[in-house]
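This is run-v3.cif. It holds mmCIF, C-alpha atoms.
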data_input
loop_
_atom_site.group_PDB
_atom_site.id
_atom_site.type_symbol
_atom_site.label_atom_id
_atom_site.label_comp_id
_atom_site.auth_asym_id
_atom_site.auth_seq_id
_atom_site.Cartn_x
_atom_site.Cartn_y
_atom_site.Cartn_z
ATOM 1 C CA MET A 1 0.000 0.000 0.000
ATOM 2 C CA LYS A 2 0.965 3.609 -0.358
ATOM 3 C CA ALA A 3 0.719 6.358 2.181
ATOM 4 C CA VAL A 4 0.963 10.091 1.760
ATOM 5 C CA VAL A 5 2.211 12.302 4.562
ATOM 6 C CA LEU A 6 1.244 15.948 4.175
ATOM 7 C CA ILE A 7 3.305 18.362 6.219
ATOM 8 C CA LYS A 8 2.580 22.061 6.536
ATOM 9 C CA PRO A 9 3.743 24.877 8.759
ATOM 10 C CA LYS A 10 1.682 25.501 11.871
ATOM 11 C CA GLU A 11 -0.715 28.417 11.546
ATOM 12 C CA ASP A 12 1.227 30.677 13.913
ATOM 13 C CA VAL A 13 4.646 29.914 12.410
ATOM 14 C CA PRO A 14 6.051 32.402 9.841
ATOM 15 C CA ASP A 15 5.939 30.889 6.360
ATOM 16 C CA SER A 16 8.181 32.892 4.027
ATOM 17 C CA PRO A 17 7.639 30.622 0.988
ATOM 18 C CA GLY A 18 3.872 30.933 1.438
ATOM 19 C CA ARG A 19 4.114 34.721 1.673
ATOM 20 C CA VAL A 20 6.224 34.936 -1.495
ATOM 21 C CA VAL A 21 3.903 32.550 -3.399
ATOM 22 C CA THR A 22 0.960 34.789 -2.462
ATOM 23 C CA GLU A 23 2.815 37.918 -3.564
ATOM 24 C CA ARG A 24 3.940 36.475 -6.898
ATOM 25 C CA LEU A 25 0.482 35.087 -7.745
ATOM 26 C CA ALA A 26 -0.993 38.528 -7.067
ATOM 27 C CA ASN A 27 1.722 40.035 -9.254
ATOM 28 C CA ARG A 28 0.475 37.848 -12.133
ATOM 29 C CA GLY A 29 -3.134 38.888 -11.598
ATOM 30 C CA PHE A 30 -4.350 36.102 -9.314
ATOM 31 C CA MET A 31 -5.699 38.623 -6.853
ATOM 32 C CA GLU A 32 -8.189 36.175 -5.354
ATOM 33 C CA VAL A 33 -5.369 34.367 -3.535
ATOM 34 C CA LYS A 34 -5.298 35.847 -0.047
ATOM 35 C CA GLY A 35 -2.829 33.446 1.461
ATOM 36 C CA ALA A 36 -0.734 30.347 0.835
ATOM 37 C CA ARG A 37 1.012 27.848 3.068
ATOM 38 C CA VAL A 38 3.866 25.888 1.535
ATOM 39 C CA GLY A 39 4.531 22.450 2.939
ATOM 40 C CA LYS A 40 5.836 19.068 1.901
ATOM 41 C CA LEU A 41 4.445 15.807 0.601
ATOM 42 C CA ILE A 42 6.153 12.506 1.375
ATOM 43 C CA GLU A 43 4.841 9.428 -0.412
ATOM 44 C CA LEU A 44 5.706 6.153 1.294
ATOM 45 C CA GLU A 45 5.457 2.677 -0.142
ATOM 46 C CA ILE A 46 4.543 0.329 2.702
ATOM 47 C CA GLU A 47 4.946 -3.434 2.785
ATOM 48 C CA GLY A 48 2.007 -5.395 4.217
ATOM 49 C CA ALA A 49 -1.762 -4.988 4.205
ATOM 50 C CA ASP A 50 -2.530 -4.183 7.839
ATOM 51 C CA ARG A 51 -3.832 -0.623 7.598
ATOM 52 C CA ASP A 52 -4.100 -0.017 11.336
ATOM 53 C CA ASN A 53 -0.552 -1.153 11.943
ATOM 54 C CA ALA A 54 0.671 0.874 8.969
ATOM 55 C CA ALA A 55 -1.040 4.007 10.281
ATOM 56 C CA LEU A 56 0.497 3.469 13.693
ATOM 57 C CA ARG A 57 3.981 2.968 12.262
ATOM 58 C CA ILE A 58 3.720 5.982 9.981
ATOM 59 C CA ARG A 59 2.613 8.142 12.892
ATOM 60 C CA GLN A 60 5.748 7.010 14.725
ATOM 61 C CA MET A 61 7.872 7.910 11.681
ATOM 62 C CA CYS A 62 6.308 11.365 11.634
ATOM 63 C CA THR A 63 6.655 12.152 15.311
ATOM 64 C CA GLN A 64 10.186 10.747 15.577
ATOM 65 C CA ILE A 65 11.789 11.863 12.304
ATOM 66 C CA LEU A 66 9.709 13.258 9.455
ATOM 67 C CA VAL A 67 7.922 16.097 11.239
ATOM 68 C CA ASN A 68 9.095 18.744 13.693
ATOM 69 C CA GLN A 69 5.991 19.422 15.730
ATOM 70 C CA THR A 70 7.425 22.674 17.053
ATOM 71 C CA ILE A 71 6.787 24.208 13.648
ATOM 72 C CA GLU A 72 4.816 21.685 11.575
ATOM 73 C CA ASP A 73 1.481 19.866 11.490
ATOM 74 C CA PHE A 74 0.905 16.679 9.527
ATOM 75 C CA THR A 75 -1.786 14.403 8.188
ATOM 76 C CA ILE A 76 -1.518 10.807 6.967
ATOM 77 C CA GLN A 77 -3.504 9.380 4.067
ATOM 78 C CA LEU A 78 -3.442 5.649 3.361
ATOM 79 C CA ILE A 79 -3.938 4.715 -0.299
ATOM 80 C CA ASP A 80 -4.624 1.160 -1.469
ATOM 81 C CA MET B 1 41.937 19.321 25.509
ATOM 82 C CA LYS B 2 40.239 16.544 23.536
ATOM 83 C CA VAL B 3 37.816 17.752 20.863
ATOM 84 C CA GLY B 4 35.515 15.339 19.025
ATOM 85 C CA VAL B 5 33.995 16.554 15.753
ATOM 86 C CA VAL B 6 30.899 14.740 14.518
ATOM 87 C CA ARG B 7 30.622 14.214 10.773
ATOM 88 C CA PHE B 8 27.358 13.499 8.994
ATOM 89 C CA PRO B 9 27.009 12.934 5.254
ATOM 90 C CA GLY B 10 26.747 16.550 4.107
ATOM 91 C CA SER B 11 28.736 18.143 6.924
ATOM 92 C CA HIS B 12 31.243 20.502 5.357
ATOM 93 C CA GLY B 13 32.775 22.526 8.168
ATOM 94 C CA ALA B 14 34.197 19.538 10.043
ATOM 95 C CA VAL B 15 37.740 19.687 8.667
ATOM 96 C CA THR B 16 37.907 23.452 9.121
ATOM 97 C CA VAL B 17 36.835 23.421 12.739
ATOM 98 C CA ALA B 18 39.042 20.424 13.597
ATOM 99 C CA ASP B 19 41.997 22.197 11.993
ATOM 100 C CA ILE B 20 41.332 25.374 13.986
ATOM 101 C CA TYR B 21 41.220 23.516 17.275
ATOM 102 C CA ALA B 22 44.291 21.378 16.488
ATOM 103 C CA ARG B 23 46.611 23.768 14.665
ATOM 104 C CA LEU B 24 45.751 27.085 16.319
ATOM 105 C CA LEU B 25 44.768 25.931 19.782
ATOM 106 C CA GLY B 26 46.794 22.764 20.266
ATOM 107 C CA ALA B 27 43.853 20.494 20.999
ATOM 108 C CA SER B 28 43.779 16.789 20.289
ATOM 109 C CA THR B 29 41.036 16.425 17.691
ATOM 110 C CA TYR B 30 39.308 13.470 16.101
ATOM 111 C CA PHE B 31 36.297 12.826 13.913
ATOM 112 C CA ILE B 32 33.233 10.860 14.960
ATOM 113 C CA HIS B 33 31.268 8.951 12.310
ATOM 114 C CA HIS B 34 27.508 9.542 12.292
ATOM 115 C CA GLU B 35 26.778 5.888 13.079
ATOM 116 C CA GLU B 36 29.278 5.728 15.933
ATOM 117 C CA GLU B 37 27.749 5.161 19.374
ATOM 118 C CA ASP B 38 30.878 5.897 21.404
ATOM 119 C CA LEU B 39 31.941 9.561 21.492
ATOM 120 C CA LYS B 40 35.230 8.570 23.204
ATOM 121 C CA SER B 41 34.763 11.010 26.092
ATOM 122 C CA PRO B 42 35.696 14.344 24.539
ATOM 123 C CA ASP B 43 36.192 17.480 26.623
ATOM 124 C CA LEU B 44 34.325 19.293 23.893
ATOM 125 C CA LEU B 45 32.024 17.883 21.231
ATOM 126 C CA VAL B 46 31.577 19.942 18.063
ATOM 127 C CA LEU B 47 28.715 19.603 15.584
ATOM 128 C CA PRO B 48 29.920 21.438 12.481
ATOM 129 C CA GLY B 49 28.065 23.291 9.768
ATOM 130 C CA GLY B 50 26.861 22.064 6.418
ATOM 131 C CA PHE B 51 23.772 20.182 5.332
ATOM 132 C CA ALA B 52 23.515 16.860 7.135
ATOM 133 C CA PHE B 53 21.768 14.416 4.790
ATOM 134 C CA GLY B 54 21.229 17.265 2.349
ATOM 135 C CA ASP B 55 18.797 19.021 4.701
ATOM 136 C CA TYR B 56 16.256 16.666 3.116
ATOM 137 C CA VAL B 57 12.911 16.819 4.945
ATOM 138 C CA ARG B 58 14.341 19.737 6.975
ATOM 139 C CA PRO B 59 17.740 20.684 8.447
ATOM 140 C CA GLY B 60 18.787 18.135 11.031
ATOM 141 C CA GLY B 61 15.639 16.078 10.555
ATOM 142 C CA LEU B 62 17.294 12.981 9.124
ATOM 143 C CA ALA B 63 20.351 13.421 11.324
ATOM 144 C CA LYS B 64 18.086 12.276 14.138
ATOM 145 C CA ALA B 65 17.980 8.837 12.543
ATOM 146 C CA CYS B 66 21.650 8.079 13.324
ATOM 147 C CA ASN B 67 23.305 6.176 16.169
ATOM 148 C CA VAL B 68 25.472 9.138 17.118
ATOM 149 C CA THR B 69 22.502 11.307 18.022
ATOM 150 C CA GLY B 70 21.579 9.071 20.943
ATOM 151 C CA ALA B 71 25.139 9.454 22.203
ATOM 152 C CA ILE B 72 24.938 13.224 21.736
ATOM 153 C CA ARG B 73 21.741 13.383 23.793
ATOM 154 C CA ARG B 74 23.312 11.336 26.584
ATOM 155 C CA PHE B 75 26.474 13.453 26.493
ATOM 156 C CA ALA B 76 24.407 16.630 26.866
ATOM 157 C CA ARG B 77 22.264 15.108 29.599
ATOM 158 C CA ASP B 78 25.406 14.180 31.550
ATOM 159 C CA GLY B 79 26.730 17.748 31.397
ATOM 160 C CA GLY B 80 29.106 17.436 28.433
ATOM 161 C CA MET B 81 30.150 20.564 26.568
ATOM 162 C CA ILE B 82 28.862 20.828 23.010
ATOM 163 C CA LEU B 83 29.362 23.509 20.381
ATOM 164 C CA GLY B 84 26.934 23.446 17.445
ATOM 165 C CA LEU B 85 27.779 25.692 14.495
ATOM 166 C CA GLY B 86 25.211 26.461 11.802
ATOM 167 C CA ASN B 87 23.786 23.072 10.883
ATOM 168 C CA GLY B 88 25.136 21.797 14.189
ATOM 169 C CA PHE B 89 22.876 24.308 15.976
ATOM 170 C CA GLN B 90 19.943 23.095 13.882
ATOM 171 C CA ILE B 91 20.687 19.471 14.786
ATOM 172 C CA LEU B 92 20.899 20.303 18.504
ATOM 173 C CA CYS B 93 17.424 21.847 18.248
ATOM 174 C CA GLU B 94 16.079 18.823 16.384
ATOM 175 C CA LEU B 95 17.449 16.565 19.127
ATOM 176 C CA GLY B 96 15.786 18.657 21.807
ATOM 177 C CA VAL B 97 19.159 19.502 23.367
ATOM 178 C CA LEU B 98 18.333 23.148 22.627
ATOM 179 C CA PRO B 99 14.808 24.538 22.270
ATOM 180 C CA GLY B 100 13.258 25.914 19.080
ATOM 181 C CA ALA B 101 13.530 25.207 15.369
ATOM 182 C CA PHE B 102 14.717 26.795 12.137
ATOM 183 C CA LEU B 103 12.771 28.182 9.208
ATOM 184 C CA ILE B 104 13.734 29.282 5.700
ATOM 185 C CA ASN B 105 15.221 32.778 5.557
ATOM 186 C CA PRO B 106 12.582 35.394 4.713
ATOM 187 C CA THR B 107 14.924 37.172 2.307
ATOM 188 C CA HIS B 108 14.544 34.846 -0.657
ATOM 189 C CA GLY B 109 17.200 32.271 -0.089
ATOM 190 C CA PHE B 110 20.718 31.503 0.972
ATOM 191 C CA CYS B 111 22.477 34.039 3.167
ATOM 192 C CA GLY B 112 26.255 34.240 2.884
ATOM 193 C CA GLU B 113 26.714 37.777 4.193
ATOM 194 C CA GLU B 114 28.594 38.876 7.272
ATOM 195 C CA THR B 115 26.625 39.957 10.302
ATOM 196 C CA TYR B 116 27.265 41.469 13.697
ATOM 197 C CA VAL B 117 26.294 39.618 16.842
ATOM 198 C CA VAL B 118 26.402 40.844 20.415
ATOM 199 C CA SER B 119 26.956 38.621 23.420
ATOM 200 C CA GLU B 120 24.063 38.627 25.838
ATOM 201 C CA SER B 121 25.560 37.100 28.966
ATOM 202 C CA ASN B 122 28.681 35.377 30.254
ATOM 203 C CA ASN B 123 26.839 32.368 31.626
ATOM 204 C CA GLY B 124 28.588 28.999 31.487
ATOM 205 C CA PRO B 125 32.039 27.856 30.379
ATOM 206 C CA PHE B 126 31.663 29.004 26.785
ATOM 207 C CA LEU B 127 30.999 32.630 27.617
ATOM 208 C CA SER B 128 32.610 33.053 31.016
ATOM 209 C CA ASP B 129 35.528 35.080 29.626
ATOM 210 C CA LEU B 130 33.508 37.047 27.095
ATOM 211 C CA PRO B 131 32.048 40.231 28.578
ATOM 212 C CA ALA B 132 28.345 40.698 27.922
ATOM 213 C CA GLY B 133 27.891 43.286 25.196
ATOM 214 C CA THR B 134 30.891 42.144 23.126
ATOM 215 C CA ILE B 135 30.215 42.833 19.435
ATOM 216 C CA ILE B 136 31.677 40.389 16.896
ATOM 217 C CA LYS B 137 31.374 40.397 13.108
ATOM 218 C CA LEU B 138 30.966 36.890 11.684
ATOM 219 C CA PRO B 139 30.068 35.249 8.369
ATOM 220 C CA MET B 140 26.734 33.562 7.830
ATOM 221 C CA ALA B 141 26.125 30.585 5.552
ATOM 222 C CA CYS B 142 22.574 29.344 5.773
ATOM 223 C CA TYR B 143 19.289 28.830 3.991
ATOM 224 C CA TYR B 144 17.314 27.737 7.047
ATOM 225 C CA GLY B 145 18.717 30.449 9.301
ATOM 226 C CA ARG B 146 15.590 31.906 10.836
ATOM 227 C CA TYR B 147 15.440 30.794 14.448
ATOM 228 C CA TYR B 148 11.912 30.226 15.727
ATOM 229 C CA LEU B 149 10.678 29.788 19.270
ATOM 230 C CA ASP B 150 7.150 30.232 20.567
ATOM 231 C CA GLN B 151 6.303 32.720 23.300
ATOM 232 C CA ARG B 152 6.319 30.163 26.078
ATOM 233 C CA GLY B 153 9.759 28.887 25.089
ATOM 234 C CA LEU B 154 11.002 32.425 24.668
ATOM 235 C CA ASN B 155 9.952 33.353 28.186
ATOM 236 C CA GLU B 156 11.892 30.374 29.497
ATOM 237 C CA VAL B 157 15.146 30.950 27.594
ATOM 238 C CA GLU B 158 15.229 34.608 28.584
ATOM 239 C CA LYS B 159 14.407 33.840 32.203
ATOM 240 C CA GLU B 160 17.092 31.126 32.373
ATOM 241 C CA GLY B 161 19.796 33.296 30.781
ATOM 242 C CA MET B 162 20.064 30.995 27.778
ATOM 243 C CA VAL B 163 20.378 33.639 25.051
ATOM 244 C CA ALA B 164 24.075 33.769 24.130
ATOM 245 C CA PHE B 165 24.139 36.079 21.094
ATOM 246 C CA ARG B 166 21.710 38.299 19.211
ATOM 247 C CA TYR B 167 22.015 39.764 15.734
ATOM 248 C CA CYS B 168 22.800 43.454 15.946
ATOM 249 C CA ASP B 169 24.193 46.417 14.021
ATOM 250 C CA LYS B 170 27.799 47.539 14.334
ATOM 251 C CA GLU B 171 26.866 49.588 17.388
ATOM 252 C CA GLY B 172 25.363 46.557 19.103
ATOM 253 C CA GLU B 173 21.739 47.645 18.646
ATOM 254 C CA CYS B 174 19.242 44.848 18.018
ATOM 255 C CA ASP B 175 16.398 46.079 15.831
ATOM 256 C CA PHE B 176 14.288 45.073 12.851
ATOM 257 C CA GLU B 177 17.004 46.006 10.329
ATOM 258 C CA SER B 178 19.857 44.167 12.036
ATOM 259 C CA ASN B 179 17.687 41.084 12.520
ATOM 260 C CA PHE B 180 18.057 40.361 8.822
ATOM 261 C CA ASN B 181 16.662 36.830 8.915
ATOM 262 C CA GLY B 182 13.708 37.488 11.183
ATOM 263 C CA SER B 183 14.873 35.242 14.004
ATOM 264 C CA THR B 184 12.748 35.297 17.142
ATOM 265 C CA ARG B 185 14.005 38.218 19.276
ATOM 266 C CA SER B 186 17.127 38.405 17.065
ATOM 267 C CA ILE B 187 18.508 35.200 18.610
ATOM 268 C CA ALA B 188 21.736 34.123 16.871
ATOM 269 C CA GLY B 189 23.172 31.879 19.575
ATOM 270 C CA LEU B 190 21.637 29.923 22.404
ATOM 271 C CA LEU B 191 22.852 28.099 25.513
ATOM 272 C CA SER B 192 21.307 25.017 27.065
ATOM 273 C CA ARG B 193 19.623 25.327 30.426
ATOM 274 C CA ASN B 194 22.854 24.234 32.180
ATOM 275 C CA HIS B 195 24.818 26.645 29.928
ATOM 276 C CA ARG B 196 27.168 23.851 28.776
ATOM 277 C CA VAL B 197 25.842 23.569 25.230
ATOM 278 C CA LEU B 198 26.162 26.465 22.775
ATOM 279 C CA GLY B 199 24.420 26.662 19.410
ATOM 280 C CA LEU B 200 25.458 29.441 17.055
ATOM 281 C CA MET B 201 24.135 30.199 13.588
ATOM 282 C CA PRO B 202 27.020 32.372 12.305
ATOM 283 C CA HIS B 203 30.367 30.678 11.648
ATOM 284 C CA PRO B 204 33.220 31.827 13.923
ATOM 285 C CA GLU B 205 35.449 29.014 12.604
ATOM 286 C CA ARG B 206 35.649 30.885 9.295
ATOM 287 C CA ARG B 207 37.180 33.975 10.915
ATOM 288 C CA CYS B 208 40.108 32.564 12.840
ATOM 289 C CA GLU B 209 43.059 33.611 10.661
ATOM 290 C CA GLU B 210 43.999 36.931 9.094
ATOM 291 C CA ILE B 211 44.555 35.273 5.721
ATOM 292 C CA LEU B 212 40.906 34.150 5.802
ATOM 293 C CA GLY B 213 39.492 37.565 6.571
ATOM 294 C CA GLY B 214 40.152 38.136 10.258
ATOM 295 C CA VAL B 215 40.410 36.550 13.662
ATOM 296 C CA GLN B 216 37.167 37.753 15.241
ATOM 297 C CA GLY B 217 35.825 34.208 15.353
ATOM 298 C CA LEU B 218 38.623 33.070 17.633
ATOM 299 C CA LYS B 219 37.030 35.062 20.436
ATOM 300 C CA ILE B 220 34.338 32.391 20.450
ATOM 301 C CA ILE B 221 36.291 29.332 19.294
ATOM 302 C CA LYS B 222 38.982 29.721 21.938
ATOM 303 C CA LEU B 223 36.601 30.406 24.811
ATOM 304 C CA LEU B 224 37.241 27.058 26.428
ATOM 305 C CA PHE B 225 41.031 27.436 26.260
ATOM 306 C CA SER B 226 42.513 29.357 29.141
ATOM 307 C CA SER B 227 45.994 29.644 27.643
ATOM 308 C CA PRO B 228 45.911 29.530 23.843
ATOM 309 C CA PRO B 229 49.253 29.705 22.014
ATOM 310 C CA ALA B 230 50.470 33.167 21.101
ATOM 311 C CA THR B 231 49.838 32.506 17.406
ATOM 312 C CA ALA B 232 46.139 32.111 18.149
ATOM 313 C CA ALA B 233 45.653 35.448 19.879
ATOM 314 C CA ALA B 234 42.568 37.229 18.649
#

For this file, write the structure as structure tokens.
Amino acid sequence: MKAVVLIKPKEDVPDSPGRVVTERLANRGFMEVKGARVGKLIELEIEGADRDNAALRIRQMCTQILVNQTIEDFTIQLID
Amino acid sequence: MKVGVVRFPGSHGAVTVADIYARLLGASTYFIHHEEEDLKSPDLLVLPGGFAFGDYVRPGGLAKACNVTGAIRRFARDGGMILGLGNGFQILCELGVLPGAFLINPTHGFCGEETYVVSESNNGPFLSDLPAGTIIKLPMACYYGRYYLDQRGLNEVEKEGMVAFRYCDKEGECDFESNFNGSTRSIAGLLSRNHRVLGLMPHPERRCEEILGGVQGLKIIKLLFSSPPATAAA
């Protein structure tokens, strides 16, 4: 199975890439964009079919290594 | 003095800092592989600059997945002295040895300019001989150089005297302009709670010889050496 980890900056953490994306889109006429948050996507290929165990293990990967919870939030999506 | 320098894949200041400690300050230096579990009891452990594991995921993030980081945590917990420079500072934050985290610079990318920093206190062995208010000009070399700490953490580090250096102008003033990378409260260097670990974002090891642009950095590098050789005087 595949899993997708979506990581984005916490709401109260300064996000310079998001600010610049917003500015540049406005510069090209996309004035409806009032804000952007730039994060990361990590796609994992997981061996085995136990979804509960996979979710548990991926959460451990996130909290121990992939995500810094001082500055980032994350979500996990399991994909068959 | 015995100085251990940790090398990760992507570290690039390790040879420089080991050379400074050995050649200019007479220390016994050695490198520590990132999968090593035994630090070999150094008097000082140095985490150099660079981009450990390419800064993939985020700076210092993948460095956490190495054997040596457990040893670093234990060394810090037991009161060992650690100096983290640039990426080394980022790794110390990722390990929880120092509080906070690092964000991308707000000024559109890599910063390789020189900056002034001012010492905040003389707490602990690193800063005991450096009068508070000392202004030093040092080179920067970072992409993720913006130090971030939330209000609660900030209250604690200021209360505990953990702020070592702040970005400033040449007069020592810390304001919006001198805080070029938007770091929380202009923090450029931070001590651990026991003041025996120092993380510093600028690179003093790159300003230790006149031929390389000056010796201002030696003021920090030699802080743990009571009697440096005459050739190393800053």

Exercise: Val33 (chain A) partners within 12 Å, only C-alpha atoms, chain neighbours under 4 positions left out, as a list in words
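Returned residues: Gly18, Arg19, Val20, Val21, Thr22, Glu23, Arg24, Leu25, Ala26, Asn27, Arg28, Gly29 and Arg37 of chain A.
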
Could you produce a table of the residues of chain A lying within 9 Å of chain B, with the nearest pair of atoms per residue and their separation in Å rounded to one decimal, using only C-alpha atoms, ordered by chain and increasing residue number, as a Markdown table?
| residue | atom | partner | partner_atom | distance |
| --- | --- | --- | --- | --- |
| A:Asp12 | CA | B:Asp150 | CA | 8.9 |
| A:Val13 | CA | B:Tyr148 | CA | 8.0 |
| A:Pro14 | CA | B:Leu103 | CA | 8.0 |
| A:Asp15 | CA | B:Leu103 | CA | 7.9 |
| A:Ser16 | CA | B:Pro106 | CA | 5.1 |
| A:Pro17 | CA | B:Pro106 | CA | 7.8 |
| A:Val20 | CA | B:His108 | CA | 8.4 |
| A:Lys40 | CA | B:Val57 | CA | 8.0 |
| A:Ile42 | CA | B:Val57 | CA | 8.8 |
| A:Gln64 | CA | B:Lys64 | CA | 8.2 |
| A:Ile65 | CA | B:Gly61 | CA | 6.0 |
| A:Leu66 | CA | B:Val57 | CA | 6.6 |
| A:Val67 | CA | B:Gly61 | CA | 7.7 |
| A:Asn68 | CA | B:Glu94 | CA | 7.5 |
| A:Thr70 | CA | B:Ala101 | CA | 6.8 |
| A:Ile71 | CA | B:Ala101 | CA | 7.0 |

Grab the residues selected above and save them as a tab-separated table (two decimals), in the coordinates of the input with C-alpha atoms.
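New file out-v4.tsv:
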chain	number	residue	atom	x	y	z
A	12	ASP	CA	1.23	30.68	13.91
A	13	VAL	CA	4.65	29.91	12.41
A	14	PRO	CA	6.05	32.40	9.84
A	15	ASP	CA	5.94	30.89	6.36
A	16	SER	CA	8.18	32.89	4.03
A	17	PRO	CA	7.64	30.62	0.99
A	20	VAL	CA	6.22	34.94	-1.50
A	40	LYS	CA	5.84	19.07	1.90
A	42	ILE	CA	6.15	12.51	1.38
A	64	GLN	CA	10.19	10.75	15.58
A	65	ILE	CA	11.79	11.86	12.30
A	66	LEU	CA	9.71	13.26	9.46
A	67	VAL	CA	7.92	16.10	11.24
A	68	ASN	CA	9.10	18.74	13.69
A	70	THR	CA	7.42	22.67	17.05
A	71	ILE	CA	6.79	24.21	13.65

Compile the contact shell of region 88-91 of chain B as an NGL selection string: residues with an atom at most 10 Å away, counting only C-alpha atoms, same-chain residues fewer than 2 positions apart removed.
:B and (6-7 or 11 or 13 or 46-52 or 58-64 or 69 or 82-86 or 93-103 or 144-145 or 147 or 188-190 or 197-202)

Hey, can you check how far CA of Val68 (chain B) sits from CA of Asp38 (chain B)?
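Separating CA of Val68 (chain B) from CA of Asp38 (chain B) is a distance of 7.6 Å.
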
Selection near Gly217 (chain B), 9 Å with only C-alpha atoms, sequence-local residues under 3 positions removed, as a ChimeraX atom specification:
/B:136-138,203-209,214,220-222,234

Hits of the PyMOL selection byres ((chain A and resi 2-5) around 6) in this structure, as a ChimeraX atom specification
/A:1,6,41-46,75-79

Considering only C-alpha atoms, return as a list in words whatever protein or nucleic-acid residues lie within 10 Å of Ala18 (chain B), sequence-local ones (same chain, fewer than 2 positions apart) excluded.
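Listed by chain and then number, they are Val3, Gly4, Val5, Val6, Gly13, Ala14, Val15, Thr16, Ile20, Tyr21, Ala22, Arg23, Leu24, Ala27, Ser28, Thr29, Tyr30, Phe31, Val46, Pro48 and Glu205 of chain B.
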
Separation of CA of Lys170 (chain B) from CA of Met81 (chain B), in Å and rounded to one decimal
29.7 Å

Taking the file as shown, find all residues satisfying the PyMOL selection byres ((chain B and resi 35) around 6) and write them as a list in words.
His33, His34, Glu36, Cys66, Asn67 and Val68 of chain B

Using only C-alpha atoms: which of A:Gln69, A:Asp80, A:Arg57, A:Ile7 has the shortest distance to Val38 (chain A)
A:Ile7

Just give me the gap between CA of Cys174 (chain B) and CA of Asn87 (chain B) in Å, one decimal is fine.
23.4 Å

I'd like the residues picked by the PyMOL selection byres ((chain B and resi 173) around 12) written out as a PyMOL selection string, using the chain letters and numbers from the file.
chain B and resi 116-120+133-135+166-172+174-179+186

Selected residue, from A:Arg59, A:Lys34, A:Lys10, A:Arg51, that lies nearest to Glu72 (chain A) when counting all atoms listed in the file
A:Lys10
